[in-house]
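Structure file start_7.txt with compact mmCIF, C-alpha atoms and all ligand atoms:
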# COMPACT_ATOMS: atom_id res chain seq x y z
CA MET V 41 -9.45 24.17 -4.53
CA THR V 42 -8.79 20.70 -5.77
CA ARG V 43 -9.18 19.77 -9.41
CA ASP V 44 -11.58 17.35 -11.04
CA LEU V 45 -10.14 14.86 -13.52
CA ASP V 46 -11.95 14.20 -16.80
CA VAL V 47 -11.07 10.95 -18.56
CA ALA V 48 -12.45 10.29 -22.03
CA ALA V 49 -13.00 6.90 -23.62
CA SER V 50 -9.67 5.77 -25.02
CA GLY V 51 -8.34 3.93 -28.04
CA PRO V 52 -5.76 1.17 -27.51
CA LEU V 53 -3.14 1.75 -24.81
CA ALA V 54 0.44 1.16 -25.89
CA GLY V 55 4.05 1.60 -24.87
CA GLU V 56 6.10 1.51 -21.70
CA ILE V 57 4.93 2.87 -18.41
CA ALA V 58 7.36 3.71 -15.62
CA VAL V 59 5.41 3.67 -12.39
CA ASN V 60 6.60 5.45 -9.23
CA GLY V 61 8.67 3.80 -6.50
CA ASP V 62 6.79 1.51 -4.15
CA LYS V 63 5.04 3.39 -1.35
CA SER V 64 5.29 0.63 1.27
CA VAL V 65 9.01 0.14 0.64
CA SER V 66 9.67 3.91 0.47
CA HIS V 67 8.12 4.41 3.94
CA ARG V 68 10.22 1.56 5.30
CA ALA V 69 13.39 2.85 3.62
CA LEU V 70 13.02 6.11 5.53
CA LEU V 71 11.94 4.59 8.83
CA VAL V 72 14.53 1.81 8.93
CA GLY V 73 17.18 4.07 7.33
CA ALA V 74 16.59 6.59 10.13
CA VAL V 75 17.69 4.08 12.77
CA CYS V 76 20.58 2.52 10.85
CA ASP V 77 24.14 3.32 11.82
CA GLY V 78 25.39 5.75 9.17
CA PRO V 79 24.12 6.73 5.74
CA VAL V 80 21.72 4.70 3.60
CA ARG V 81 21.51 5.58 -0.11
CA VAL V 82 17.97 5.05 -1.40
CA SER V 83 17.21 4.98 -5.13
CA GLY V 84 13.86 4.63 -6.86
CA PHE V 85 12.16 6.40 -3.93
CA GLY V 86 8.45 6.97 -4.53
CA GLY V 87 7.74 10.57 -3.63
CA SER V 88 4.10 11.22 -2.69
CA ALA V 89 2.09 13.02 -0.05
CA ASP V 90 2.21 9.89 2.14
CA THR V 91 5.95 9.27 1.88
CA GLY V 92 6.51 13.04 2.17
CA ALA V 93 4.90 12.83 5.61
CA THR V 94 7.40 10.13 6.56
CA LEU V 95 10.29 12.20 5.23
CA ALA V 96 9.14 15.18 7.31
CA ALA V 97 8.64 12.93 10.36
CA VAL V 98 12.15 11.46 10.34
CA ARG V 99 13.62 14.93 9.84
CA ALA V 100 11.60 16.22 12.80
CA LEU V 101 13.06 13.33 14.81
CA GLY V 102 16.59 14.59 14.11
CA VAL V 103 17.54 12.57 11.03
CA ALA V 104 19.24 14.40 8.15
CA VAL V 105 18.01 13.34 4.71
CA ASP V 106 19.67 14.64 1.51
CA GLU V 107 17.37 14.79 -1.51
CA VAL V 108 19.89 14.14 -4.28
CA SER V 109 17.05 14.00 -6.83
CA PRO V 110 13.29 13.38 -6.54
CA THR V 111 13.97 9.61 -6.49
CA GLU V 112 17.36 9.46 -4.76
CA LEU V 113 17.84 10.12 -1.07
CA VAL V 114 20.61 9.70 1.43
CA VAL V 115 19.21 8.97 4.89
CA HIS V 116 21.79 9.72 7.58
CA GLY V 117 20.77 7.13 10.15
CA VAL V 118 21.25 8.07 13.80
CA GLY V 119 21.31 4.54 15.19
CA LEU V 120 18.57 2.49 16.80
CA ARG V 121 18.29 4.73 19.86
CA GLY V 122 19.27 8.10 18.38
CA LEU V 123 15.88 9.72 17.60
CA ARG V 124 15.09 12.90 19.51
CA GLU V 125 11.81 14.38 20.69
CA PRO V 126 10.41 16.70 18.00
CA ALA V 127 9.36 20.26 18.70
CA ALA V 128 5.81 19.67 17.47
CA VAL V 129 3.18 17.01 16.83
CA ILE V 130 4.18 14.59 14.05
CA ASP V 131 1.67 15.08 11.23
CA VAL V 132 1.14 11.80 9.37
CA LEU V 133 -1.32 13.53 6.98
CA ASN V 134 -3.27 10.64 5.34
CA SER V 135 -0.68 7.90 5.92
CA GLY V 136 -1.84 4.83 7.81
CA THR V 137 1.54 3.17 7.26
CA LEU V 138 3.42 5.98 9.01
CA LEU V 139 0.83 6.08 11.79
CA ARG V 140 1.13 2.33 12.46
CA LEU V 141 4.87 1.70 11.87
CA LEU V 142 6.58 4.67 13.52
CA PRO V 143 5.24 3.99 17.06
CA GLY V 144 7.09 0.65 17.08
CA ILE V 145 10.38 2.55 16.74
CA LEU V 146 9.39 5.42 19.03
CA ALA V 147 8.42 3.05 21.87
CA GLY V 148 12.01 1.77 21.85
CA GLN V 149 13.69 5.17 22.21
CA PRO V 150 15.45 5.83 25.53
CA SER V 151 13.38 8.97 26.24
CA GLY V 152 10.93 11.44 24.74
CA ARG V 153 7.24 12.07 24.27
CA PHE V 154 5.91 11.76 20.72
CA THR V 155 2.44 12.70 19.51
CA LEU V 156 1.13 11.56 16.12
CA ASP V 157 -1.90 13.07 14.44
CA GLY V 158 -3.19 13.38 10.89
CA ASP V 159 -6.06 14.41 8.67
CA GLU V 160 -9.76 13.85 9.21
CA SER V 161 -9.73 10.41 7.56
CA ILE V 162 -6.71 9.19 9.52
CA ARG V 163 -8.47 10.13 12.76
CA ARG V 164 -11.13 7.53 11.95
CA ARG V 165 -8.64 4.70 11.39
CA PRO V 166 -7.96 2.33 14.30
CA VAL V 167 -4.61 2.42 16.11
CA ASP V 168 -5.69 0.24 19.02
CA ARG V 169 -4.55 -2.64 16.82
CA ILE V 170 -0.96 -1.51 17.52
CA ALA V 171 -1.50 0.11 20.94
CA LEU V 172 -2.78 -3.12 22.55
CA PRO V 173 0.18 -5.36 21.66
CA LEU V 174 2.68 -2.53 22.29
CA HIS V 175 1.16 -2.14 25.79
CA ARG V 176 1.67 -5.84 26.33
CA MET V 177 5.35 -5.34 25.46
CA GLY V 178 5.58 -2.62 28.13
CA ALA V 179 5.14 0.54 26.04
CA ARG V 180 3.10 3.55 27.20
CA ILE V 181 0.69 4.75 24.56
CA ASP V 182 -2.41 6.90 24.80
CA THR V 183 -4.92 7.00 21.98
CA THR V 184 -8.07 9.00 21.43
CA ASP V 185 -10.75 6.32 21.69
CA GLY V 186 -8.51 3.90 19.79
CA CYS V 187 -7.63 6.45 17.09
CA ALA V 188 -5.22 9.36 16.49
CA PRO V 189 -4.11 11.64 18.01
CA MET V 190 -1.92 9.19 19.90
CA THR V 191 1.03 9.80 22.24
CA ILE V 192 3.96 7.49 22.91
CA ASP V 193 5.97 7.96 26.08
CA ALA V 194 9.33 6.39 25.38
CA GLY V 195 11.86 5.16 27.93
CA HIS V 196 9.95 2.12 29.21
CA VAL V 197 11.53 -1.30 29.08
CA LEU V 198 10.08 -3.47 26.31
CA THR V 199 9.81 -7.23 26.59
CA GLY V 200 9.25 -9.61 23.68
CA ILE V 201 5.86 -11.29 23.37
CA THR V 202 4.11 -13.80 21.16
CA TYR V 203 1.18 -12.08 19.55
CA GLU V 204 -1.51 -13.53 17.36
CA LEU V 205 -2.80 -10.83 15.04
CA PRO V 206 -6.59 -10.63 15.22
CA VAL V 207 -6.66 -9.07 11.72
CA ALA V 208 -4.18 -9.84 8.94
CA SER V 209 -2.23 -6.57 8.78
CA ALA V 210 1.28 -5.92 7.50
CA GLN V 211 1.26 -2.58 9.28
CA VAL V 212 0.62 -4.12 12.69
CA LYS V 213 3.10 -6.94 12.05
CA SER V 214 5.71 -4.38 10.98
CA CYS V 215 5.13 -2.18 14.02
CA LEU V 216 5.71 -5.15 16.34
CA LEU V 217 8.78 -6.34 14.41
CA LEU V 218 10.27 -2.87 14.78
CA ALA V 219 9.44 -2.74 18.50
CA GLY V 220 10.90 -6.24 18.84
CA LEU V 221 14.33 -4.87 17.86
CA TYR V 222 14.28 -3.00 21.18
CA ALA V 223 12.68 -5.68 23.37
CA ALA V 224 14.32 -8.14 25.74
CA GLY V 225 13.95 -11.66 24.36
CA GLU V 226 12.15 -12.78 21.23
CA THR V 227 9.06 -11.24 19.69
CA THR V 228 6.90 -13.58 17.61
CA ILE V 229 3.99 -12.45 15.49
CA VAL V 230 1.50 -15.05 14.33
CA GLU V 231 -0.47 -14.12 11.21
CA PRO V 232 -3.93 -15.52 10.39
CA LEU V 233 -3.09 -15.04 6.68
CA ALA V 234 0.20 -14.10 5.00
CA THR V 235 0.67 -10.37 4.36
CA ARG V 236 3.39 -8.38 2.58
CA ASP V 237 6.81 -9.00 4.13
CA HIS V 238 8.75 -5.88 3.11
CA THR V 239 9.76 -5.15 6.71
CA GLU V 240 11.14 -8.65 7.25
CA ARG V 241 13.19 -8.48 4.03
CA LEU V 242 14.54 -5.02 4.77
CA LEU V 243 15.41 -5.71 8.40
CA ARG V 244 17.16 -8.90 7.42
CA ALA V 245 19.18 -7.04 4.77
CA ALA V 246 20.12 -4.52 7.48
CA GLY V 247 21.47 -7.29 9.70
CA ALA V 248 18.57 -7.95 12.07
CA ARG V 249 17.88 -11.50 13.17
CA ILE V 250 14.54 -12.42 11.62
CA GLU V 251 13.31 -15.98 11.48
CA ARG V 252 10.30 -17.09 9.51
CA HIS V 253 8.14 -20.07 10.40
CA PRO V 254 4.94 -21.15 8.67
CA GLY V 255 2.37 -18.54 9.66
CA ALA V 256 4.68 -16.64 12.00
CA VAL V 257 7.80 -14.50 12.19
CA THR V 258 10.25 -13.97 15.06
CA VAL V 259 12.61 -11.05 15.63
CA ARG V 260 15.43 -10.89 18.17
CA PRO V 261 16.77 -7.71 19.78
CA ALA V 262 19.33 -5.77 17.75
CA THR V 263 22.24 -3.58 18.75
CA ALA V 264 22.77 -1.95 15.36
CA LEU V 265 21.38 -1.96 11.81
CA ARG V 266 23.46 -1.26 8.72
CA LEU V 267 22.43 -0.86 5.10
CA ASP V 268 24.53 0.85 2.45
CA GLU V 269 22.13 0.91 -0.43
CA LEU V 270 18.48 0.26 -1.04
CA VAL V 271 16.72 0.07 -4.41
CA VAL V 272 12.97 0.67 -4.20
CA PRO V 273 10.98 -1.42 -6.73
CA GLY V 274 8.24 0.07 -8.90
CA ASP V 275 4.93 0.15 -7.04
CA PHE V 276 2.76 -2.85 -7.88
CA SER V 277 -0.29 -1.06 -6.46
CA SER V 278 0.25 1.78 -8.95
CA ALA V 279 0.99 -0.66 -11.79
CA ALA V 280 -2.30 -2.44 -11.03
CA PHE V 281 -4.33 0.46 -12.45
CA PHE V 282 -2.55 0.20 -15.79
CA ILE V 283 -2.63 -3.61 -15.79
CA VAL V 284 -6.41 -3.45 -15.52
CA ALA V 285 -6.64 -0.56 -18.00
CA ALA V 286 -4.71 -2.45 -20.71
CA THR V 287 -6.71 -5.61 -20.00
CA LEU V 288 -10.01 -3.77 -20.52
CA VAL V 289 -9.30 -1.53 -23.52
CA PRO V 290 -9.34 -3.54 -26.80
CA GLU V 291 -6.06 -3.91 -28.74
CA SER V 292 -3.95 -2.56 -25.86
CA HIS V 293 -0.41 -3.80 -25.34
CA ILE V 294 1.79 -2.24 -22.63
CA PHE V 295 4.98 -2.92 -20.66
CA LEU V 296 5.76 -1.98 -17.08
CA ARG V 297 9.44 -2.29 -16.15
CA GLY V 298 10.99 -3.04 -12.75
CA VAL V 299 7.78 -3.56 -10.80
CA GLY V 300 7.84 -5.13 -7.33
CA VAL V 301 6.17 -8.56 -7.36
CA ASN V 302 6.49 -9.48 -3.70
CA PRO V 303 4.12 -12.46 -3.25
CA GLY V 304 2.40 -10.54 -0.45
CA ARG V 305 1.45 -7.85 -2.98
CA ALA V 306 0.88 -9.47 -6.35
CA GLY V 307 -2.27 -11.53 -5.70
CA LEU V 308 -4.12 -9.48 -8.32
CA LEU V 309 -2.10 -11.30 -11.00
CA THR V 310 -3.28 -14.69 -9.77
CA VAL V 311 -6.91 -13.61 -9.90
CA LEU V 312 -6.66 -11.79 -13.23
CA GLU V 313 -4.98 -14.80 -14.81
CA ARG V 314 -7.82 -16.98 -13.61
CA MET V 315 -10.24 -14.49 -15.20
CA GLY V 316 -8.49 -14.84 -18.56
CA ALA V 317 -6.15 -11.84 -18.53
CA ARG V 318 -3.01 -11.91 -20.68
CA VAL V 319 -0.29 -10.76 -18.30
CA SER V 320 3.30 -12.07 -18.56
CA LEU V 321 6.16 -11.57 -16.15
CA PHE V 322 9.71 -11.76 -17.39
CA ASN V 323 13.21 -10.68 -16.45
CA ARG V 324 12.56 -11.67 -12.84
CA ARG V 325 15.27 -10.53 -10.42
CA THR V 326 15.79 -9.69 -6.76
CA THR V 327 17.09 -6.41 -5.35
CA ALA V 328 20.06 -6.41 -2.95
CA ALA V 329 17.59 -5.84 -0.10
CA GLY V 330 15.69 -8.97 -1.11
CA GLU V 331 12.65 -7.63 -3.00
CA PRO V 332 11.54 -9.59 -6.09
CA ILE V 333 10.92 -7.47 -9.18
CA ALA V 334 9.95 -8.21 -12.78
CA ASP V 335 8.96 -6.59 -16.06
CA ILE V 336 5.27 -6.99 -16.84
CA GLU V 337 3.64 -7.22 -20.27
CA VAL V 338 -0.11 -6.80 -20.55
CA ARG V 339 -2.40 -7.32 -23.56
CA HIS V 340 -6.10 -6.78 -23.84
CA ALA V 341 -8.23 -9.83 -22.97
CA GLU V 342 -11.86 -10.71 -22.47
CA LEU V 343 -12.45 -11.63 -18.83
CA VAL V 344 -14.76 -14.08 -17.07
CA GLY V 345 -16.00 -13.72 -13.49
CA THR V 346 -14.46 -15.63 -10.58
CA ASP V 347 -14.71 -16.13 -6.83
CA VAL V 348 -11.93 -14.49 -4.83
CA GLU V 349 -11.33 -16.52 -1.72
CA PRO V 350 -10.56 -14.72 1.58
CA GLU V 351 -7.03 -16.20 1.78
CA LEU V 352 -5.97 -14.13 -1.22
CA VAL V 353 -7.36 -10.86 0.08
CA PRO V 354 -4.26 -9.66 2.03
CA THR V 355 -2.10 -10.16 -1.08
CA MET V 356 -4.27 -7.74 -3.04
CA ILE V 357 -5.80 -5.58 -0.33
CA ASP V 358 -5.11 -2.26 -2.06
CA GLU V 359 -5.99 -3.60 -5.52
CA LEU V 360 -9.52 -4.75 -4.67
CA PRO V 361 -11.24 -1.56 -5.92
CA VAL V 362 -9.60 -1.87 -9.35
CA LEU V 363 -10.22 -5.63 -9.39
CA ALA V 364 -13.90 -4.84 -8.78
CA LEU V 365 -13.79 -2.63 -11.88
CA ALA V 366 -12.29 -5.51 -13.90
CA ALA V 367 -14.96 -7.85 -12.53
CA ALA V 368 -17.69 -5.42 -13.57
CA ARG V 369 -16.42 -5.87 -17.18
CA ALA V 370 -16.05 -9.67 -16.92
CA ARG V 371 -18.67 -12.06 -18.23
CA GLY V 372 -20.63 -13.61 -15.35
CA THR V 373 -20.61 -13.18 -11.59
CA THR V 374 -17.64 -12.35 -9.35
CA ARG V 375 -17.77 -12.66 -5.58
CA ILE V 376 -15.11 -11.08 -3.36
CA ARG V 377 -15.22 -12.16 0.30
CA GLY V 378 -13.13 -11.71 3.43
CA ALA V 379 -12.31 -8.07 2.75
CA GLU V 380 -14.05 -6.47 5.75
CA ASP V 381 -10.90 -4.51 6.67
CA LEU V 382 -11.52 -2.45 3.52
CA ARG V 383 -14.13 -0.64 5.62
CA ARG V 384 -11.26 0.84 7.68
CA LYS V 385 -9.04 2.12 4.85
CA GLU V 386 -8.72 5.73 3.59
CA SER V 387 -12.48 5.46 3.04
CA ASP V 388 -14.95 2.62 3.60
CA ARG V 389 -13.79 1.05 0.35
CA ILE V 390 -16.56 -1.54 0.23
CA GLU V 391 -19.08 1.32 0.02
CA THR V 392 -17.05 3.85 -1.98
CA THR V 393 -16.06 1.28 -4.63
CA ALA V 394 -19.65 0.12 -5.04
CA GLU V 395 -20.98 3.68 -5.11
CA ALA V 396 -18.49 4.65 -7.83
CA LEU V 397 -19.12 1.59 -9.99
CA VAL V 398 -22.91 1.88 -9.68
CA ALA V 399 -22.69 5.57 -10.63
CA LEU V 400 -20.94 4.49 -13.86
CA GLY V 401 -23.54 1.85 -14.73
CA ALA V 402 -22.14 -1.35 -13.18
CA ARG V 403 -24.23 -3.91 -11.29
CA VAL V 404 -22.69 -4.29 -7.84
CA THR V 405 -24.09 -5.23 -4.46
CA THR V 406 -22.17 -4.94 -1.21
CA THR V 407 -21.88 -7.54 1.53
CA ASP V 408 -20.37 -7.14 5.01
CA ASP V 409 -17.01 -8.34 3.71
CA GLY V 410 -16.94 -7.60 -0.02
CA TRP V 411 -19.04 -7.41 -3.16
CA GLN V 412 -21.00 -9.42 -5.64
CA LEU V 413 -20.66 -8.13 -9.19
CA ARG V 414 -22.65 -9.12 -12.25
CA GLY V 415 -20.39 -8.23 -15.11
CA THR V 416 -20.68 -7.82 -18.85
CA PRO V 417 -17.80 -7.23 -21.28
CA ALA V 418 -19.44 -4.09 -22.71
CA ARG V 419 -18.13 -0.59 -21.97
CA LEU V 420 -19.40 1.12 -18.82
CA ARG V 421 -21.84 3.96 -19.40
CA GLY V 422 -19.61 6.54 -17.67
CA GLY V 423 -20.57 9.43 -15.40
CA THR V 424 -19.21 11.07 -12.26
CA VAL V 425 -17.23 9.50 -9.41
CA ASP V 426 -16.90 11.02 -5.95
CA PRO V 427 -13.79 9.37 -4.48
CA HIS V 428 -14.55 10.64 -0.96
CA GLY V 429 -10.93 11.78 -0.64
CA ASP V 430 -9.61 8.26 -1.32
CA HIS V 431 -6.75 8.12 -3.84
CA ARG V 432 -7.37 4.55 -4.93
CA ILE V 433 -11.07 5.16 -5.62
CA ALA V 434 -10.14 8.26 -7.65
CA MET V 435 -7.68 6.26 -9.79
CA MET V 436 -10.13 3.38 -10.22
CA GLY V 437 -12.72 5.90 -11.47
CA ALA V 438 -10.22 7.37 -13.92
CA ILE V 439 -9.33 3.94 -15.32
CA ALA V 440 -13.05 3.18 -15.69
CA GLY V 441 -13.26 6.26 -17.90
CA LEU V 442 -10.84 4.77 -20.45
CA TYR V 443 -13.26 1.93 -21.15
CA SER V 444 -16.55 3.81 -20.96
CA GLU V 445 -19.04 5.18 -23.46
CA GLY V 446 -19.26 8.73 -22.23
CA GLY V 447 -16.08 9.23 -20.16
CA VAL V 448 -15.73 9.71 -16.40
CA ARG V 449 -15.36 12.84 -14.31
CA VAL V 450 -13.53 12.19 -11.01
CA LEU V 451 -14.36 14.91 -8.51
CA ASP V 452 -11.63 16.41 -6.31
CA ALA V 453 -9.01 14.15 -7.84
CA ASP V 454 -5.99 15.75 -6.14
CA CYS V 455 -6.19 13.01 -3.50
CA ILE V 456 -4.38 10.88 -6.12
CA ASP V 457 -1.18 12.61 -4.96
CA VAL V 458 -1.44 10.67 -1.70
CA SER V 459 0.23 7.73 -3.43
CA PHE V 460 0.81 8.43 -7.14
CA PRO V 461 1.50 12.05 -8.16
CA GLY V 462 2.58 11.03 -11.69
CA PHE V 463 -0.71 9.24 -12.42
CA ARG V 464 -2.37 12.02 -14.46
CA ASP V 465 0.66 12.44 -16.73
CA LEU V 466 1.02 8.72 -17.34
CA LEU V 467 -2.68 8.47 -18.08
CA ALA V 468 -2.49 11.36 -20.52
CA GLY V 469 0.38 9.69 -22.44
CA ILE V 470 -0.70 6.07 -22.70
CA GLU V 471 -3.14 6.10 -25.60
CA ALA V 472 -1.45 4.75 -28.71
CA PRO V 473 -0.66 7.63 -31.09
CA TRP V 474 -2.14 5.71 -34.05
CA SER V 475 -5.51 5.12 -32.35
C1 LIG V 501 0.54 -1.48 4.08
C2 LIG V 501 -0.28 -2.49 4.52
C3 LIG V 501 -1.71 -2.55 4.21
C4 LIG V 501 -2.05 -1.67 3.01
C5 LIG V 501 -1.44 -0.31 3.10
C6 LIG V 501 0.06 -0.40 3.19
C7 LIG V 501 1.96 -1.48 4.48
O1 LIG V 501 -2.44 -2.08 5.32
O2 LIG V 501 -3.46 -1.55 2.87
O3 LIG V 501 -1.78 0.48 1.99
O4 LIG V 501 2.76 -0.72 3.91
O5 LIG V 501 2.30 -2.26 5.38
P1 LIG V 501 -2.91 -3.08 6.53
O6 LIG V 501 -1.70 -3.54 7.22
O7 LIG V 501 -3.75 -2.21 7.42
O8 LIG V 501 -3.70 -4.15 5.85
Render the structure in this file as structure tokens.
Ligand code: S3P
Amino acid sequence: MTRDLDVAASGPLAGEIAVNGDKSVSHRALLVGAVCDGPVRVSGFGGSADTGATLAAVRALGVAVDEVSPTELVVHGVGLRGLREPAAVIDVLNSGTLLRLLPGILAGQPSGRFTLDGDESIRRRPVDRIALPLHRMGARIDTTDGCAPMTIDAGHVLTGITYELPVASAQVKSCLLLAGLYAAGETTIVEPLATRDHTERLLRAAGARIERHPGAVTVRPATALRLDELVVPGDFSSAAFFIVAATLVPESHIFLRGVGVNPGRAGLLTVLERMGARVSLFNRRTTAAGEPIADIEVRHAELVGTDVEPELVPTMIDELPVLALAAARARGTTRIRGAEDLRRKESDRIETTAEALVALGARVTTTDDGWQLRGTPARLRGGTVDPHGDHRIAMMGAIAGLYSEGGVRVLDADCIDVSFPGFRDLLAGIEAPWS
């Protein structure tokens, strides 16, 4: 039985919010840590159902991981070619990142047969986008009509290729960068639009030879990776829900400390600023592994609609549902285009976002590649949101409740644990005590 989440209309939001460790970087910390030579100490790890699947996967592949605390791990890397065949199928649960990144490493192992499978939603998400280029590199991969379950037969020689990504995807780029560590010669990935570059930064910090060119990245084969310590930034995608919440609810004023602001992730800030939001970044710094972080201050503001151009979409791909909520409360029309890959996320997010917002009283129409929203600054009516098992739709619905007339009930809200298990507690504690 999963629990519904009831969110009542809120007074001003105030105080400091400590979001969980970044999910994308936490997956990569485990996956890259697993193939480093020797131990990697990870702090700020973002525990969640998704990253828990990656933790279980690397353990099943023979990597010892000490859980010093819920946010501190020591990953005892076994070296680039030290993973062993697991006794059972690797269960990625709901994690697209694990499903797409791990095969790049598995294809480079000297031997073994590895099968990856996951939940009902993951079985609908395409993996041919990694299987095709990995085949071209010489890997043997079988998919089920382009989806999971998929099996990788390791032990085949990989050769570097130049590959132009048909869809802007950090997961596919990362998979090929990881496979490129094992390939003879150079592997170059050409991106139609820039996506998050966590893998490049981490691999470079671990000693891999990564070269960036405009619109492309090249990796050379590696003999060993080494990384002593890795600090995971706060998750911008989690922070985004509270950034929008404080923007919408009158008189709010919040701080989020130590949040990752990788340019491939933080596009929401560019768009919100253009819409009139009052968001300031200060205390900018860079972690030892090369990730930019900052403290973020957010105050309530009245928003105006905008057009989000397709070039920005990859830098805010996971934030588009909550941006749509902000746009529904902005004066005037907002158009979001170039987001067709949202149809292949944990749910068809173009449809599930529109369905949720319409159920709460917003005026939204869908297009093939996004939405058109006719916003007003008034509170949403409120109502019930069915997130269709999608964590980000569930959290968007909950945030909508804070700035509604009648509150919002999110059905089956336990899917939130896929990325952000602390969300309910943070939400419960963010209303100013004097309101
Ligand atoms: C991710 C990349 C994005 C994003 C996902 C995490 C990553 O997916 O939506 O939540 O960690 O590389 P795509 O690469 O499919 O766009």
Using all atoms listed in the file: which of V:Val197, V:Ala399, V:Ala97, V:Ile57 has the shortest distance to Met177 (chain V)
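Selected residue with least distance to Met177 (chain V): V:Val197.
Using all atoms listed in the file, the smallest distance between any of V:Arg403, V:Cys455, V:Ile390, V:Gly86 and His428 (chain V) comes from V:Cys455.
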Pick out the residues no farther than 10 Å from ligand LIG 501 (chain V), counting only C-alpha atoms and all ligand atoms, and list them as a PyMOL selection string.
chain V and resi 62-68+135-138+140-141+165-167+169+207-215+235-239+277+304-305+353-359+379+381-382+384-386+432+459
What is the CA of Tyr222 (chain V)-CA of Gly102 (chain V) distance in Å, reported with one decimal?
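Spanning CA of Tyr222 (chain V) to CA of Gly102 (chain V) is a straight-line distance of 19.1 Å.
Excluding Asp193 (chain V) itself and same-chain residues fewer than 4 positions from it, the residues having an atom within 8 Å of it are Ala147, Ser151, Gly152, Arg153, Phe154, Ala179, Arg180 and Ile181 of chain V, counting all atoms listed in the file.
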Restrict the calculation to all atoms listed in the file, then for each residue of region 190-297 of chain V with any atom at most 10 Å from an atom of region 329-334 of chain V give the closest atom pair and their distance in Å to one decimal, rows by chain and rising residue number, as JSON lines.
{"residue": "V:Asp237", "atom": "CA", "partner": "V:Glu331", "partner_atom": "CA", "distance": 9.3}
{"residue": "V:His238", "atom": "CA", "partner": "V:Glu331", "partner_atom": "CA", "distance": 7.5}
{"residue": "V:Glu240", "atom": "CA", "partner": "V:Gly330", "partner_atom": "CA", "distance": 9.5}
{"residue": "V:Arg241", "atom": "CA", "partner": "V:Gly330", "partner_atom": "CA", "distance": 5.7}
{"residue": "V:Leu242", "atom": "CA", "partner": "V:Ala329", "partner_atom": "CA", "distance": 5.8}
{"residue": "V:Leu243", "atom": "CA", "partner": "V:Ala329", "partner_atom": "CA", "distance": 8.8}
{"residue": "V:Arg244", "atom": "CA", "partner": "V:Ala329", "partner_atom": "CA", "distance": 8.1}
{"residue": "V:Ala245", "atom": "CA", "partner": "V:Ala329", "partner_atom": "CA", "distance": 5.3}
{"residue": "V:Ala246", "atom": "CA", "partner": "V:Ala329", "partner_atom": "CA", "distance": 8.1}
{"residue": "V:Leu267", "atom": "CA", "partner": "V:Ala329", "partner_atom": "CA", "distance": 8.7}
{"residue": "V:Asp268", "atom": "CA", "partner": "V:Ala329", "partner_atom": "CA", "distance": 10.0}
{"residue": "V:Glu269", "atom": "CA", "partner": "V:Ala329", "partner_atom": "CA", "distance": 8.1}
{"residue": "V:Leu270", "atom": "CA", "partner": "V:Ala329", "partner_atom": "CA", "distance": 6.2}
{"residue": "V:Val271", "atom": "CA", "partner": "V:Ala329", "partner_atom": "CA", "distance": 7.4}
{"residue": "V:Val272", "atom": "CA", "partner": "V:Glu331", "partner_atom": "CA", "distance": 8.4}
{"residue": "V:Pro273", "atom": "CA", "partner": "V:Ile333", "partner_atom": "CA", "distance": 6.5}
{"residue": "V:Gly274", "atom": "CA", "partner": "V:Ile333", "partner_atom": "CA", "distance": 8.0}
{"residue": "V:Asp275", "atom": "CA", "partner": "V:Ile333", "partner_atom": "CA", "distance": 9.9}
{"residue": "V:Phe276", "atom": "CA", "partner": "V:Ile333", "partner_atom": "CA", "distance": 9.5}
{"residue": "V:Leu296", "atom": "CA", "partner": "V:Ala334", "partner_atom": "CA", "distance": 8.7}
{"residue": "V:Arg297", "atom": "CA", "partner": "V:Ala334", "partner_atom": "CA", "distance": 6.8}
What does the distance from CA of Pro473 (chain V) to CA of Ala54 (chain V) come to in Å, to one decimal?
8.4 Å
If I take CA of Val47 (chain V) and CA of Gly316 (chain V), how far is one from the other in Å, to one decimal?
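Going from CA of Val47 (chain V) over to CA of Gly316 (chain V) covers 25.9 Å.
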Hey, could you pull the box centre and edge lengths for region 297-315 of chain V, axis-aligned, 3 Å padding per side, all listed atoms, to one decimal in Å, as JSON?
{"center_x": 0.4, "center_y": -9.6, "center_z": -8.3, "size_x": 27.2, "size_y": 20.7, "size_z": 21.7}
Which of these residues is nearest to Thr287 (chain V), using only C-alpha atoms: V:Glu313, V:Glu160, V:Glu204, V:Glu342?
V:Glu342
I'd like the contact shell of Phe295 (chain V) - 6 Å cut-off, all atoms listed in the file, skipping same-chain residues fewer than 4 positions apart - returned as a PyMOL selection string.
chain V and resi 56+336-337
